[in-house]
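Engineer: I have a structure I would like to understand better, so I am pasting it below and will then ask my questions one at a time.
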Amino acid sequence: MSTVLAVDIGGTKIHAGIVTHDGGWSVSHARSVPTGAAGGRSAVLARVTQILDDVRAAGVAEGRSVDLVGVASAGVISSATGEVLSATDLIPGWGGTPLRAHLEEASGLPVTVLGDVHAHGLGEAAAGAAAEFDSALVVAVGTGIGGAYIQGGQVMRGEHDVAGHLGHILHPAALDLTCSCRRTGHIEPLASGPGIVASYVRAGGPQGYGGREVDDAAEAGDSAAVHVVTTAGRALGEVLGSLANAFDPGVIVLSGSVANSGEVWWNAVREGYGHQAMDPVAGVPLVPGSLGGQAPLIGAALAALTAQGHTPASATD
């Protein structure tokens with residue numbers, strides 16, 4: 001049996017738990033805290049360290065010791081050093097954070113760090129909606145938009161560890177919108193949760209709504225909400241169709257808070273996908289993720305085990 005202390009650091013919340021692999025994957029002692037991103041790097045690191053200490057102590061109290069730490073983090077993560085090479089403004093000052101070094105010093109354990117969406121993809125491929133497929137494109141749509149292409153249990157990181165930043169793909173419907181990376185025209189400020197909310201306000205919707213409320217309004221037939229949710233979903237689907245043309249995945253898994261939307265959004269995503277996907281990939285299934293917040297924890301744990309000599313095949317048996 002292998003046991004890993006895992007944490008997922010996102011722009012909105014930090015989620016941690018103890019991940020156990022013993023013929024299957026399980027997560028215990030899970031807890032979450034707000035990221036507190038506005039406080040900057042030091043404040044976020046303090047919250048990460050505290051939640052890891054809390055989860056570790058809870059596990060030890062019940063006989064669950066851990067030997068490794070697996071970290072899924074927002075930003076571009078160096079596969080060599082575990083440093084945050086760059087990050088958007090979702091966590092101010094996060095770029096340049098020596099995350100692995102800091103957490104190894106704080107925990108006294110070996111630490112493996114990878115991008116949060118890379119971890120999310122590994123989790124869904126190991127134990128979730130993509131487990132029966134040799135290849136998968138896993139896309140997390142929430143505060144931001146990111147993804148991972150998984151082939152044979154391996155996540156594609158790219159030459160500069162940037163692969164999977166799908167939210168930063170150009171889309172004509174977003175040409176006038178500024179992205180969290182400070183560039184314009186990317187799909188993220190149009191189709192992410194905050195992007196959908198902002199579009200709804202611009203369309204005349206009331207202030208104070210969150211993504212769930214906008215989706216509920218769309219499902220209830222609110223014309224402004226239907227327009228905004230449909231536009232976002234169709235645009236995302238068109239991006240996914242283009243990506244399927246490039247990567248030919250066996251399945252496309254959509255996860256994150258926005259993927260919990262109703263039929264208005266899902267129908268628009270599928271319509272957009274069908275508009276762009278070439279005939280050979282037109283039938284690739286678009287399915288919701290099955291692991292929710294456990295996906296990046298399982299993926300981070302798998303990466304930590306792999307770094308210590310386990311192969312993806314043996315770790316996912």
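Residue names in the structure tokens use chain letters A, B, ... in the order shown, residue numbers from 1 in each chain, and ligand numbers from 1 in the order shown.
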Residues of segment 58-260 of chain A in strand (DSSP E or B) according to DSSP, as a ChimeraX atom specification?
Structural biologist: /A:68-73,76-77,84-86,111-115,135-141,145-151,154-155,170,178,184,186,252-255
Engineer: Give me the residues near Val269 of chain A as a PyMOL selection string, where near means some atom within 6 Å (using only C-alpha atoms) and where sequence neighbours in that chain fewer than 3 positions away do not count.
Structural biologist: chain A and resi 233-234+237+266+272
Engineer: Contacts of segment 229-231 of chain A at 9 Å or less, counting only C-alpha atoms, minus same-chain residues fewer than 4 places along, as a JSON list (two decimals) with N, CA, C and O atoms, in the first residue's frame?
Structural biologist:
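Output file result.json follows:
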```json
[["chain", "number", "residue", "atom", "x", "y", "z"],
["A", 173, "ALA", "N", -14.56, 35.22, -30.60],
["A", 173, "ALA", "CA", -15.58, 35.81, -29.73],
["A", 173, "ALA", "C", -14.96, 36.52, -28.52],
["A", 173, "ALA", "O", -15.66, 37.24, -27.81],
["A", 190, "LEU", "N", -13.71, 34.51, -21.61],
["A", 190, "LEU", "CA", -15.04, 34.34, -22.17],
["A", 190, "LEU", "C", -15.76, 33.14, -21.56],
["A", 190, "LEU", "O", -16.94, 33.21, -21.21],
["A", 191, "ALA", "N", -15.03, 32.02, -21.41],
["A", 191, "ALA", "CA", -15.69, 30.74, -21.10],
["A", 191, "ALA", "C", -15.39, 30.21, -19.70],
["A", 191, "ALA", "O", -15.96, 29.19, -19.32],
["A", 196, "ILE", "N", -17.92, 34.04, -17.61],
["A", 196, "ILE", "CA", -19.37, 33.93, -17.85],
["A", 196, "ILE", "C", -20.12, 34.94, -16.99],
["A", 196, "ILE", "O", -21.05, 35.61, -17.46],
["A", 199, "SER", "N", -19.63, 38.42, -18.43],
["A", 199, "SER", "CA", -20.42, 38.58, -19.66],
["A", 199, "SER", "C", -21.89, 38.81, -19.33],
["A", 199, "SER", "O", -22.58, 39.59, -20.00],
["A", 200, "TYR", "N", -22.38, 38.13, -18.31],
["A", 200, "TYR", "CA", -23.79, 38.28, -17.91],
["A", 200, "TYR", "C", -24.06, 39.69, -17.41],
["A", 200, "TYR", "O", -25.08, 40.31, -17.74],
["A", 214, "VAL", "N", -25.91, 32.17, -12.60],
["A", 214, "VAL", "CA", -26.07, 32.47, -14.04],
["A", 214, "VAL", "C", -26.54, 31.23, -14.78],
["A", 214, "VAL", "O", -27.44, 31.29, -15.64],
["A", 215, "ASP", "N", -25.96, 30.08, -14.46],
["A", 215, "ASP", "CA", -26.38, 28.85, -15.12],
["A", 215, "ASP", "C", -27.82, 28.50, -14.78],
["A", 215, "ASP", "O", -28.59, 28.08, -15.66],
["A", 218, "ALA", "N", -30.00, 30.58, -16.86],
["A", 218, "ALA", "CA", -30.05, 30.08, -18.24],
["A", 218, "ALA", "C", -30.99, 28.88, -18.35],
["A", 218, "ALA", "O", -31.80, 28.78, -19.29],
["A", 224, "ALA", "N", -30.86, 36.73, -21.36],
["A", 224, "ALA", "CA", -29.47, 37.19, -21.29],
["A", 224, "ALA", "C", -28.57, 36.06, -20.84],
["A", 224, "ALA", "O", -27.47, 35.86, -21.39],
["A", 225, "ALA", "N", -29.00, 35.30, -19.85],
["A", 225, "ALA", "CA", -28.20, 34.18, -19.35],
["A", 225, "ALA", "C", -28.05, 33.10, -20.42],
["A", 225, "ALA", "O", -26.96, 32.53, -20.59],
["A", 235, "ALA", "N", -18.19, 28.50, -27.87],
["A", 235, "ALA", "CA", -16.79, 28.88, -28.13],
["A", 235, "ALA", "C", -15.83, 27.83, -27.56],
["A", 235, "ALA", "O", -14.85, 27.44, -28.22],
["A", 236, "LEU", "N", -16.11, 27.37, -26.35],
["A", 236, "LEU", "CA", -15.25, 26.34, -25.76],
["A", 236, "LEU", "C", -15.32, 25.07, -26.60],
["A", 236, "LEU", "O", -14.28, 24.43, -26.86],
["A", 264, "VAL", "N", -28.16, 23.66, -21.15],
["A", 264, "VAL", "CA", -27.90, 24.79, -22.04],
["A", 264, "VAL", "C", -26.42, 24.85, -22.38],
["A", 264, "VAL", "O", -26.02, 24.97, -23.54],
["A", 265, "TRP", "N", -25.58, 24.77, -21.35],
["A", 265, "TRP", "CA", -24.13, 24.83, -21.56],
["A", 265, "TRP", "C", -23.62, 23.60, -22.29],
["A", 265, "TRP", "O", -22.88, 23.71, -23.27],
["A", 266, "TRP", "N", -24.01, 22.40, -21.83],
["A", 266, "TRP", "CA", -23.52, 21.17, -22.46],
["A", 266, "TRP", "C", -23.95, 21.07, -23.92],
["A", 266, "TRP", "O", -23.15, 20.66, -24.78],
["A", 267, "ASN", "N", -25.17, 21.44, -24.23],
["A", 267, "ASN", "CA", -25.62, 21.40, -25.63],
["A", 267, "ASN", "C", -24.81, 22.35, -26.49],
["A", 267, "ASN", "O", -24.47, 22.03, -27.64],
["A", 268, "ALA", "N", -24.48, 23.54, -25.93],
["A", 268, "ALA", "CA", -23.69, 24.50, -26.68],
["A", 268, "ALA", "C", -22.27, 23.99, -26.91],
["A", 268, "ALA", "O", -21.70, 24.16, -28.00],
["A", 269, "VAL", "N", -21.68, 23.36, -25.89],
["A", 269, "VAL", "CA", -20.34, 22.79, -26.04],
["A", 269, "VAL", "C", -20.33, 21.74, -27.15],
["A", 269, "VAL", "O", -19.45, 21.74, -28.03]]
```
Engineer: Could you pull the residues within 9 Å of Ser107 of chain A, counting only C-alpha atoms, minus those fewer than 5 positions along the same chain, as a list of chain:residue names?
Structural biologist: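 Neighbouring residues, sequence-local ones excluded: A:Thr49, A:Leu52, A:Asp53, A:Val69, A:His102.
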Engineer: Given the selection you just returned, output its residues as a file containing N, CA and C atoms, formatted as a PDB file, in the first residue's frame.
Structural biologist:
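The resulting file, again.pdb, is reproduced below:
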```pdb
ATOM      1  N   THR A  49       1.199  25.317   3.778  1.00  0.00           N
ATOM      2  CA  THR A  49       1.946  24.622   4.827  1.00  0.00           C
ATOM      3  C   THR A  49       1.023  24.215   5.970  1.00  0.00           C
ATOM      4  N   LEU A  52      -1.366  21.279   5.008  1.00  0.00           N
ATOM      5  CA  LEU A  52      -0.623  20.022   4.948  1.00  0.00           C
ATOM      6  C   LEU A  52      -0.319  19.514   6.361  1.00  0.00           C
ATOM      7  N   ASP A  53       0.071  20.418   7.240  1.00  0.00           N
ATOM      8  CA  ASP A  53       0.327  20.016   8.627  1.00  0.00           C
ATOM      9  C   ASP A  53      -0.942  19.450   9.271  1.00  0.00           C
ATOM     10  N   VAL A  69       5.052  13.750  -0.483  1.00  0.00           N
ATOM     11  CA  VAL A  69       4.101  14.840  -0.703  1.00  0.00           C
ATOM     12  C   VAL A  69       3.965  15.058  -2.204  1.00  0.00           C
ATOM     13  N   HIS A 102      10.512  24.878  -0.788  1.00  0.00           N
ATOM     14  CA  HIS A 102       9.850  25.382   0.413  1.00  0.00           C
ATOM     15  C   HIS A 102       9.128  24.264   1.161  1.00  0.00           C
TER      16      HIS A 102
END
```
Engineer: Tell me, counting only C-alpha atoms, for each residue of segment 176-280 of chain A within 10 Å of segment 286-310 of chain A, which pair of atoms is nearest and how far apart they are in Å to one decimal, in rows ordered by chain and increasing number, as CSV.
Structural biologist:
```
residue,atom,partner,partner_atom,distance
A:Gly237,CA,A:Leu286,CA,9.6
A:Leu240,CA,A:Leu286,CA,9.5
A:Gly250,CA,A:Leu286,CA,9.8
A:Val251,CA,A:Leu286,CA,6.4
A:Ile252,CA,A:Leu286,CA,4.9
A:Val253,CA,A:Val287,CA,5.1
A:Leu254,CA,A:Pro288,CA,4.8
A:Ser255,CA,A:Gly289,CA,4.8
A:Gly256,CA,A:Gly292,CA,7.0
A:Ser257,CA,A:Gly292,CA,8.8
A:Ala259,CA,A:Pro288,CA,6.7
A:Asn260,CA,A:Pro288,CA,7.9
A:Trp266,CA,A:Leu286,CA,9.2
A:Val269,CA,A:Leu286,CA,8.9
A:Arg270,CA,A:Leu286,CA,7.6
A:Tyr273,CA,A:Leu286,CA,9.1
```
Engineer: Using DSSP on the backbone, list every residue of segment 67-238 of chain A that comes out as alpha helix (DSSP H), and give them as number ranges by chain.
Structural biologist: A: 99-107, 116-127, 188-191, 193-202, 211-219, 223-238
Engineer: Skip Ala131 of chain A itself and residues of its chain fewer than 6 positions away, then list as a ChimeraX atom specification all residues within 10 Å of it, counting only C-alpha atoms.
Structural biologist: /A:122-125,153,251,316
Engineer: Work out how far apart atom CA of Val258 of chain A and atom CA of Val44 of chain A are and give it in Å to one decimal.
Structural biologist: 24.2 Å
Engineer: Quick one: residues within 8 Å of Ser28 of chain A, only C-alpha atoms, excluding same-chain residues fewer than 5 positions away - as a list in words?
Structural biologist: Gly17, Ile18 and Val19 of chain A
Engineer: Given the choices A:Val226, A:Val141, A:Ala72, A:Leu177, which gets closest to Gly193 of chain A if the distance is worked out from only C-alpha atoms?
Structural biologist: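 Between A:Val226, A:Val141, A:Ala72, A:Leu177, the residue approaching Gly193 of chain A most closely is A:Val141.
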